[in-house]
$ cat run_18.cif   # mmCIF, N, CA and C atoms
data_final
#
loop_
_atom_site.label_atom_id
_atom_site.label_comp_id
_atom_site.auth_asym_id
_atom_site.auth_seq_id
_atom_site.Cartn_x
_atom_site.Cartn_y
_atom_site.Cartn_z
N MET F 12 72.14 -72.00 -32.55
CA MET F 12 71.30 -72.77 -31.67
C MET F 12 71.81 -72.72 -30.22
N ARG F 13 73.14 -72.82 -30.09
CA ARG F 13 73.74 -72.75 -28.77
C ARG F 13 73.45 -71.39 -28.13
N LEU F 14 73.48 -70.33 -28.92
CA LEU F 14 73.20 -68.99 -28.43
C LEU F 14 71.76 -68.92 -27.91
N LEU F 15 70.82 -69.49 -28.61
CA LEU F 15 69.42 -69.50 -28.20
C LEU F 15 69.23 -70.28 -26.90
N LEU F 16 69.92 -71.39 -26.75
CA LEU F 16 69.82 -72.19 -25.54
C LEU F 16 70.46 -71.49 -24.34
N THR F 17 71.33 -70.53 -24.58
CA THR F 17 71.95 -69.78 -23.50
C THR F 17 71.12 -68.55 -23.13
N ILE F 18 70.60 -67.86 -24.11
CA ILE F 18 69.88 -66.61 -23.89
C ILE F 18 68.52 -66.84 -23.23
N VAL F 19 67.76 -67.82 -23.64
CA VAL F 19 66.42 -68.05 -23.10
C VAL F 19 66.44 -68.35 -21.60
N PRO F 20 67.28 -69.27 -21.11
CA PRO F 20 67.30 -69.50 -19.66
C PRO F 20 67.79 -68.27 -18.87
N LEU F 21 68.77 -67.55 -19.41
CA LEU F 21 69.25 -66.36 -18.72
C LEU F 21 68.17 -65.27 -18.66
N ALA F 22 67.48 -65.06 -19.75
CA ALA F 22 66.41 -64.06 -19.78
C ALA F 22 65.30 -64.44 -18.81
N THR F 23 64.96 -65.70 -18.76
CA THR F 23 63.94 -66.18 -17.82
C THR F 23 64.39 -65.96 -16.38
N ALA F 24 65.63 -66.24 -16.09
CA ALA F 24 66.14 -66.05 -14.73
C ALA F 24 66.11 -64.57 -14.34
N PHE F 25 66.47 -63.68 -15.26
CA PHE F 25 66.43 -62.25 -14.96
C PHE F 25 65.01 -61.77 -14.71
N ILE F 26 64.06 -62.25 -15.49
CA ILE F 26 62.66 -61.84 -15.31
C ILE F 26 62.14 -62.32 -13.97
N ILE F 27 62.42 -63.54 -13.61
CA ILE F 27 61.97 -64.08 -12.32
C ILE F 27 62.61 -63.31 -11.17
N ALA F 28 63.90 -63.02 -11.29
CA ALA F 28 64.59 -62.28 -10.23
C ALA F 28 64.01 -60.87 -10.07
N ALA F 29 63.64 -60.25 -11.17
CA ALA F 29 63.09 -58.89 -11.10
C ALA F 29 61.69 -58.87 -10.50
N CYS F 30 60.97 -59.95 -10.61
CA CYS F 30 59.58 -59.99 -10.13
C CYS F 30 59.43 -60.49 -8.70
N THR F 31 60.47 -60.99 -8.10
CA THR F 31 60.35 -61.51 -6.74
C THR F 31 60.71 -60.44 -5.73
N HIS F 32 60.08 -60.52 -4.57
CA HIS F 32 60.36 -59.59 -3.48
C HIS F 32 61.42 -60.20 -2.58
N SER F 33 62.35 -59.38 -2.19
CA SER F 33 63.33 -59.85 -1.23
C SER F 33 62.92 -59.37 0.14
N GLU F 34 63.21 -60.14 1.15
CA GLU F 34 62.89 -59.78 2.52
C GLU F 34 63.80 -58.64 2.97
N PRO F 35 63.27 -57.66 3.69
CA PRO F 35 64.14 -56.58 4.16
C PRO F 35 65.16 -57.12 5.16
N THR F 36 66.31 -56.53 5.13
CA THR F 36 67.35 -56.98 6.05
C THR F 36 67.10 -56.39 7.43
N ALA F 37 67.59 -57.07 8.43
CA ALA F 37 67.43 -56.59 9.81
C ALA F 37 68.30 -55.36 10.01
N PRO F 38 67.85 -54.40 10.83
CA PRO F 38 68.68 -53.21 11.08
C PRO F 38 69.95 -53.59 11.82
N ALA F 39 70.95 -52.78 11.66
CA ALA F 39 72.22 -53.02 12.34
C ALA F 39 72.02 -52.95 13.84
N ALA F 40 72.85 -53.63 14.58
CA ALA F 40 72.70 -53.71 16.04
C ALA F 40 72.81 -52.34 16.69
N ASP F 41 73.63 -51.43 16.14
CA ASP F 41 73.80 -50.13 16.77
C ASP F 41 72.61 -49.20 16.52
N THR F 42 71.74 -49.51 15.55
CA THR F 42 70.57 -48.65 15.28
C THR F 42 69.31 -49.19 15.94
N ALA F 43 69.35 -50.37 16.52
CA ALA F 43 68.16 -50.97 17.12
C ALA F 43 67.58 -50.15 18.26
N PRO F 44 68.37 -49.62 19.20
CA PRO F 44 67.77 -48.84 20.28
C PRO F 44 67.05 -47.59 19.78
N ALA F 45 67.61 -46.91 18.80
CA ALA F 45 66.95 -45.71 18.27
C ALA F 45 65.65 -46.09 17.59
N ALA F 46 65.65 -47.18 16.84
CA ALA F 46 64.43 -47.61 16.17
C ALA F 46 63.37 -48.01 17.19
N ALA F 47 63.79 -48.66 18.28
CA ALA F 47 62.83 -49.06 19.30
C ALA F 47 62.23 -47.85 19.97
N THR F 48 63.02 -46.83 20.19
CA THR F 48 62.52 -45.61 20.81
C THR F 48 61.51 -44.93 19.89
N THR F 49 61.82 -44.87 18.59
CA THR F 49 60.92 -44.24 17.64
C THR F 49 59.62 -45.03 17.53
N ALA F 50 59.71 -46.36 17.49
CA ALA F 50 58.52 -47.18 17.38
C ALA F 50 57.65 -47.07 18.63
N ALA F 51 58.28 -46.88 19.78
CA ALA F 51 57.51 -46.79 21.02
C ALA F 51 56.86 -45.43 21.17
N SER F 52 57.39 -44.40 20.51
CA SER F 52 56.82 -43.07 20.61
C SER F 52 55.60 -42.97 19.71
N PRO F 53 54.47 -42.58 20.24
CA PRO F 53 53.27 -42.48 19.41
C PRO F 53 53.36 -41.30 18.47
N ALA F 54 52.63 -41.39 17.38
CA ALA F 54 52.58 -40.29 16.41
C ALA F 54 51.87 -39.10 17.03
N PRO F 55 52.23 -37.90 16.62
CA PRO F 55 51.57 -36.72 17.18
C PRO F 55 50.06 -36.77 16.96
N GLY F 56 49.32 -36.43 17.97
CA GLY F 56 47.86 -36.43 17.86
C GLY F 56 47.23 -37.80 18.02
N LYS F 57 48.06 -38.82 18.17
CA LYS F 57 47.54 -40.17 18.24
C LYS F 57 47.48 -40.70 19.66
N THR F 58 47.69 -39.86 20.64
CA THR F 58 47.52 -40.27 22.02
C THR F 58 46.45 -39.39 22.64
N ALA F 59 45.56 -40.00 23.34
CA ALA F 59 44.48 -39.25 23.99
C ALA F 59 45.02 -38.57 25.24
N PRO F 60 44.63 -37.33 25.48
CA PRO F 60 45.05 -36.69 26.72
C PRO F 60 44.48 -37.44 27.91
N ALA F 61 45.18 -37.39 29.01
CA ALA F 61 44.81 -38.18 30.18
C ALA F 61 43.37 -37.96 30.63
N ASN F 62 43.03 -36.80 31.02
CA ASN F 62 41.68 -36.56 31.54
C ASN F 62 41.26 -35.10 31.37
N PRO F 63 41.26 -34.58 30.15
CA PRO F 63 40.87 -33.18 30.01
C PRO F 63 39.36 -33.04 30.11
N ALA F 64 38.93 -31.89 30.55
CA ALA F 64 37.49 -31.62 30.59
C ALA F 64 37.00 -31.47 29.16
N LEU F 65 35.89 -32.11 28.87
CA LEU F 65 35.32 -31.98 27.54
C LEU F 65 35.06 -30.52 27.25
N GLY F 66 35.44 -30.08 26.07
CA GLY F 66 35.25 -28.69 25.69
C GLY F 66 36.38 -27.77 26.13
N SER F 67 37.34 -28.29 26.91
CA SER F 67 38.47 -27.46 27.35
C SER F 67 39.39 -27.19 26.16
N ALA F 68 40.27 -26.22 26.33
CA ALA F 68 41.21 -25.88 25.26
C ALA F 68 42.09 -27.09 24.90
N GLU F 69 42.51 -27.84 25.92
CA GLU F 69 43.34 -29.03 25.67
C GLU F 69 42.57 -30.08 24.88
N TRP F 70 41.31 -30.31 25.23
CA TRP F 70 40.49 -31.30 24.53
C TRP F 70 40.22 -30.86 23.10
N LEU F 71 39.88 -29.59 22.91
CA LEU F 71 39.63 -29.08 21.57
C LEU F 71 40.87 -29.21 20.69
N ALA F 72 42.05 -28.90 21.25
CA ALA F 72 43.29 -29.02 20.49
C ALA F 72 43.57 -30.47 20.11
N TRP F 73 43.29 -31.40 21.03
CA TRP F 73 43.50 -32.82 20.74
C TRP F 73 42.58 -33.31 19.63
N VAL F 74 41.30 -32.95 19.70
CA VAL F 74 40.35 -33.35 18.65
C VAL F 74 40.79 -32.73 17.33
N ASP F 75 41.16 -31.46 17.36
CA ASP F 75 41.57 -30.76 16.15
C ASP F 75 42.78 -31.43 15.51
N LYS F 76 43.75 -31.80 16.33
CA LYS F 76 44.97 -32.43 15.81
C LYS F 76 44.71 -33.86 15.36
N THR F 77 43.91 -34.60 16.11
CA THR F 77 43.62 -35.99 15.77
C THR F 77 42.89 -36.10 14.44
N LEU F 78 41.94 -35.22 14.22
CA LEU F 78 41.17 -35.26 12.98
C LEU F 78 41.74 -34.37 11.88
N ALA F 79 42.78 -33.63 12.18
CA ALA F 79 43.40 -32.71 11.21
C ALA F 79 42.36 -31.74 10.65
N VAL F 80 41.58 -31.13 11.55
CA VAL F 80 40.56 -30.18 11.12
C VAL F 80 41.24 -28.90 10.64
N SER F 81 42.14 -28.36 11.43
CA SER F 81 42.87 -27.16 11.05
C SER F 81 44.20 -27.57 10.45
N ASP F 82 44.69 -26.76 9.54
CA ASP F 82 45.96 -27.05 8.90
C ASP F 82 46.91 -25.91 9.21
N ASP F 83 47.81 -26.14 10.15
CA ASP F 83 48.79 -25.12 10.57
C ASP F 83 48.13 -23.80 10.93
N GLY F 84 47.07 -23.89 11.70
CA GLY F 84 46.40 -22.68 12.15
C GLY F 84 45.37 -22.14 11.18
N HIS F 85 45.27 -22.73 10.00
CA HIS F 85 44.27 -22.30 9.02
C HIS F 85 43.05 -23.18 9.18
N GLY F 86 41.91 -22.59 9.25
CA GLY F 86 40.68 -23.35 9.40
C GLY F 86 39.82 -22.73 10.47
N PRO F 87 38.70 -23.35 10.76
CA PRO F 87 37.79 -22.77 11.75
C PRO F 87 38.39 -22.79 13.15
N GLN F 88 37.99 -21.83 13.94
CA GLN F 88 38.43 -21.73 15.34
C GLN F 88 37.85 -22.89 16.14
N PRO F 89 38.68 -23.69 16.84
CA PRO F 89 38.16 -24.80 17.63
C PRO F 89 37.08 -24.34 18.61
N GLY F 90 36.02 -25.12 18.66
CA GLY F 90 34.92 -24.83 19.57
C GLY F 90 33.77 -24.08 18.92
N THR F 91 33.98 -23.53 17.73
CA THR F 91 32.91 -22.79 17.06
C THR F 91 31.98 -23.77 16.34
N ALA F 92 30.82 -23.26 15.92
CA ALA F 92 29.86 -24.10 15.19
C ALA F 92 30.46 -24.59 13.88
N GLU F 93 31.23 -23.74 13.22
CA GLU F 93 31.88 -24.14 11.96
C GLU F 93 32.88 -25.26 12.20
N TRP F 94 33.63 -25.18 13.30
CA TRP F 94 34.60 -26.22 13.64
C TRP F 94 33.88 -27.54 13.96
N SER F 95 32.78 -27.45 14.71
CA SER F 95 32.02 -28.67 15.04
C SER F 95 31.48 -29.33 13.78
N ALA F 96 31.03 -28.51 12.82
CA ALA F 96 30.55 -29.07 11.55
C ALA F 96 31.70 -29.74 10.79
N ALA F 97 32.89 -29.14 10.85
CA ALA F 97 34.06 -29.73 10.20
C ALA F 97 34.43 -31.06 10.86
N VAL F 98 34.32 -31.13 12.18
CA VAL F 98 34.58 -32.39 12.90
C VAL F 98 33.59 -33.45 12.43
N ASN F 99 32.32 -33.08 12.32
CA ASN F 99 31.31 -34.04 11.84
C ASN F 99 31.64 -34.52 10.43
N ARG F 100 32.08 -33.61 9.56
CA ARG F 100 32.44 -34.01 8.19
C ARG F 100 33.61 -34.99 8.22
N LYS F 101 34.60 -34.74 9.09
CA LYS F 101 35.76 -35.63 9.19
C LYS F 101 35.35 -37.01 9.71
N LEU F 102 34.38 -37.03 10.62
CA LEU F 102 33.94 -38.31 11.19
C LEU F 102 33.03 -39.08 10.23
N GLY F 103 32.42 -38.37 9.30
CA GLY F 103 31.58 -39.02 8.30
C GLY F 103 30.38 -39.72 8.93
N GLN F 104 30.18 -40.96 8.57
CA GLN F 104 29.03 -41.73 9.06
C GLN F 104 29.09 -41.98 10.55
N GLU F 105 30.27 -41.90 11.13
CA GLU F 105 30.41 -42.14 12.57
C GLU F 105 30.09 -40.91 13.40
N ALA F 106 29.80 -39.78 12.75
CA ALA F 106 29.54 -38.54 13.48
C ALA F 106 28.36 -38.71 14.41
N PRO F 107 28.46 -38.14 15.61
CA PRO F 107 27.36 -38.25 16.57
C PRO F 107 26.09 -37.56 16.04
N GLN F 108 24.95 -38.07 16.46
CA GLN F 108 23.67 -37.50 16.04
C GLN F 108 23.24 -36.34 16.93
N ALA F 109 23.91 -36.14 18.04
CA ALA F 109 23.58 -35.04 18.95
C ALA F 109 23.93 -33.72 18.27
N ALA F 110 23.38 -32.64 18.80
CA ALA F 110 23.63 -31.31 18.24
C ALA F 110 25.12 -31.00 18.33
N PRO F 111 25.75 -30.62 17.22
CA PRO F 111 27.18 -30.32 17.23
C PRO F 111 27.54 -29.27 18.28
N GLY F 112 28.55 -29.57 19.06
CA GLY F 112 29.02 -28.67 20.10
C GLY F 112 28.38 -28.90 21.46
N SER F 113 27.29 -29.66 21.50
CA SER F 113 26.62 -29.91 22.78
C SER F 113 27.45 -30.84 23.64
N ALA F 114 27.11 -30.92 24.92
CA ALA F 114 27.83 -31.80 25.84
C ALA F 114 27.74 -33.25 25.40
N GLU F 115 26.56 -33.66 24.91
CA GLU F 115 26.38 -35.05 24.44
C GLU F 115 27.25 -35.30 23.21
N TRP F 116 27.32 -34.31 22.33
CA TRP F 116 28.13 -34.42 21.12
C TRP F 116 29.60 -34.55 21.49
N GLN F 117 30.06 -33.70 22.43
CA GLN F 117 31.45 -33.75 22.86
C GLN F 117 31.79 -35.10 23.47
N GLN F 118 30.88 -35.64 24.27
CA GLN F 118 31.11 -36.94 24.90
C GLN F 118 31.20 -38.03 23.84
N ALA F 119 30.32 -37.98 22.84
CA ALA F 119 30.34 -39.00 21.78
C ALA F 119 31.60 -38.89 20.94
N VAL F 120 32.02 -37.67 20.60
CA VAL F 120 33.26 -37.47 19.83
C VAL F 120 34.45 -37.98 20.63
N ASP F 121 34.50 -37.66 21.91
CA ASP F 121 35.60 -38.10 22.77
C ASP F 121 35.68 -39.63 22.80
N ALA F 122 34.55 -40.28 23.02
CA ALA F 122 34.54 -41.75 23.08
C ALA F 122 34.97 -42.35 21.75
N LEU F 123 34.48 -41.79 20.66
CA LEU F 123 34.82 -42.31 19.34
C LEU F 123 36.32 -42.15 19.05
N LEU F 124 36.84 -40.97 19.32
CA LEU F 124 38.26 -40.75 19.05
C LEU F 124 39.16 -41.55 19.97
N ARG F 125 38.79 -41.71 21.22
CA ARG F 125 39.60 -42.54 22.13
C ARG F 125 39.60 -43.99 21.65
N THR F 126 38.50 -44.46 21.11
CA THR F 126 38.44 -45.82 20.56
C THR F 126 39.34 -45.92 19.34
N ARG F 127 39.29 -44.92 18.48
CA ARG F 127 40.15 -44.93 17.29
C ARG F 127 41.62 -44.90 17.66
N VAL F 128 41.99 -44.05 18.59
CA VAL F 128 43.38 -43.92 19.01
C VAL F 128 43.87 -45.23 19.64
N ALA F 129 43.03 -45.87 20.42
CA ALA F 129 43.42 -47.11 21.09
C ALA F 129 43.62 -48.25 20.13
N THR F 130 42.92 -48.24 18.99
CA THR F 130 43.00 -49.36 18.06
C THR F 130 43.94 -49.12 16.91
N HIS F 131 44.48 -47.90 16.77
CA HIS F 131 45.36 -47.62 15.64
C HIS F 131 46.76 -47.35 16.06
#

$ encode --input "run_18.cif" --output "structure tokens"
Amino acid sequence: MRLLLTIVPLATAFIIAACTHSEPTAPAADTAPAAATTAASPAPGKTAPANPALGSAEWLAWVDKTLAVSDDGHGPQPGTAEWSAAVNRKLGQEAPQAAPGSAEWQQAVDALLRTRVATH
């Protein structure tokens, strides 16, 4: 009987301890500056270029990287009709209704992606 009274509370305590989440510990003081630098650095493709001309090589590369249309150089050539269709597929329901590749389409894609980048 004494064994049962000892085992049941211990087993219950182990189960509760295994099911609870512990709070993560704070990073060491010497690693804080590196972590702050990493946190302040945006992820690749997640910053909008300052002011590229729509349809320029820089803009096409940014859209391609932001939406991950090409994979390490594999995929449609940026700026082609096939690439524009791939961009529309990546955007899904948010894809612009303008003709893919047109100036209106590029403007809508740019505005949409800049909004996404700013909020994420």

$ atom_distance --input "run_18.cif" --atom1 "atom CA of Glu115 of chain F" --atom2 "atom CA of His85 of chain F"
26.8 Å

$ residues_around --input "run_18.cif" --residues "Gln88 of chain F" --least-positions-apart "4" --cutoff "12 Å" --atoms "only C-alpha atoms" --output "ChimeraX atom specification"
/F:68,71-72,75,80-84,92-98

$ atom_distance --input "run_18.cif" --atom1 "atom C of Arg125 of chain F" --atom2 "atom C of Gln104 of chain F"
15.4 Å

$ axis_aligned_box --input "run_18.cif" --around "segment 13-18 of chain F" --padding-each-side "5 Å" --output "JSON"
{"center_x": 71.1, "center_y": -69.7, "center_z": -26.6, "size_x": 15.2, "size_y": 16.2, "size_z": 17.0}

$ atom_distance --input "run_18.cif" --atom1 "atom C of Val120 of chain F" --atom2 "atom C of Leu78 of chain F"
11.9 Å

$ residues_around --input "run_18.cif" --residues "Trp116 of chain F" --least-positions-apart "6" --cutoff "8 Å" --atoms "all atoms listed in the file" --output "PDB file with N, CA and C atoms, in the coordinates of the input"
ATOM      1  N   ALA F 106      29.800 -39.780  12.750  1.00  0.00           N
ATOM      2  CA  ALA F 106      29.540 -38.540  13.480  1.00  0.00           C
ATOM      3  C   ALA F 106      28.360 -38.710  14.410  1.00  0.00           C
ATOM      4  N   PRO F 107      28.460 -38.140  15.610  1.00  0.00           N
ATOM      5  CA  PRO F 107      27.360 -38.250  16.570  1.00  0.00           C
ATOM      6  C   PRO F 107      26.090 -37.560  16.040  1.00  0.00           C
ATOM      7  N   GLN F 108      24.950 -38.070  16.460  1.00  0.00           N
ATOM      8  CA  GLN F 108      23.670 -37.500  16.040  1.00  0.00           C
ATOM      9  C   GLN F 108      23.240 -36.340  16.930  1.00  0.00           C
ATOM     10  N   ALA F 109      23.910 -36.140  18.040  1.00  0.00           N
ATOM     11  CA  ALA F 109      23.580 -35.040  18.950  1.00  0.00           C
ATOM     12  C   ALA F 109      23.930 -33.720  18.270  1.00  0.00           C
ATOM     13  N   ALA F 110      23.380 -32.640  18.800  1.00  0.00           N
ATOM     14  CA  ALA F 110      23.630 -31.310  18.240  1.00  0.00           C
ATOM     15  C   ALA F 110      25.120 -31.000  18.330  1.00  0.00           C
ATOM     16  N   ALA F 122      34.550 -40.280  23.020  1.00  0.00           N
ATOM     17  CA  ALA F 122      34.540 -41.750  23.080  1.00  0.00           C
ATOM     18  C   ALA F 122      34.970 -42.350  21.750  1.00  0.00           C
TER      19      ALA F 122
END

$ select_by_dssp --input "run_18.cif" --residues "segment 74-117 of chain F" --states "alpha helix (DSSP H)" --output "ChimeraX atom specification"
/F:74-78,92-102,114-117

$ closest_residue --input "run_18.cif" --among "F:Val128, F:Thr23, F:Gly112, F:Thr17" --to "Leu65 of chain F" --atoms "only C-alpha atoms"
F:Gly112

$ closest_residue --input "run_18.cif" --among "F:Asn99, F:Asp121, F:Ala29, F:Lys76" --to "Asn62 of chain F" --atoms "only C-alpha atoms"
F:Asp121

$ closest_residue --input "run_18.cif" --among "F:Leu124, F:Ala119, F:Leu16, F:Ile27" --to "Thr77 of chain F" --atoms "all atoms listed in the file"
F:Leu124

$ closest_residue --input "run_18.cif" --among "F:Ala22, F:Gly86, F:Ser113, F:Ala79" --to "Lys101 of chain F" --atoms "only N, CA and C atoms"
F:Ala79
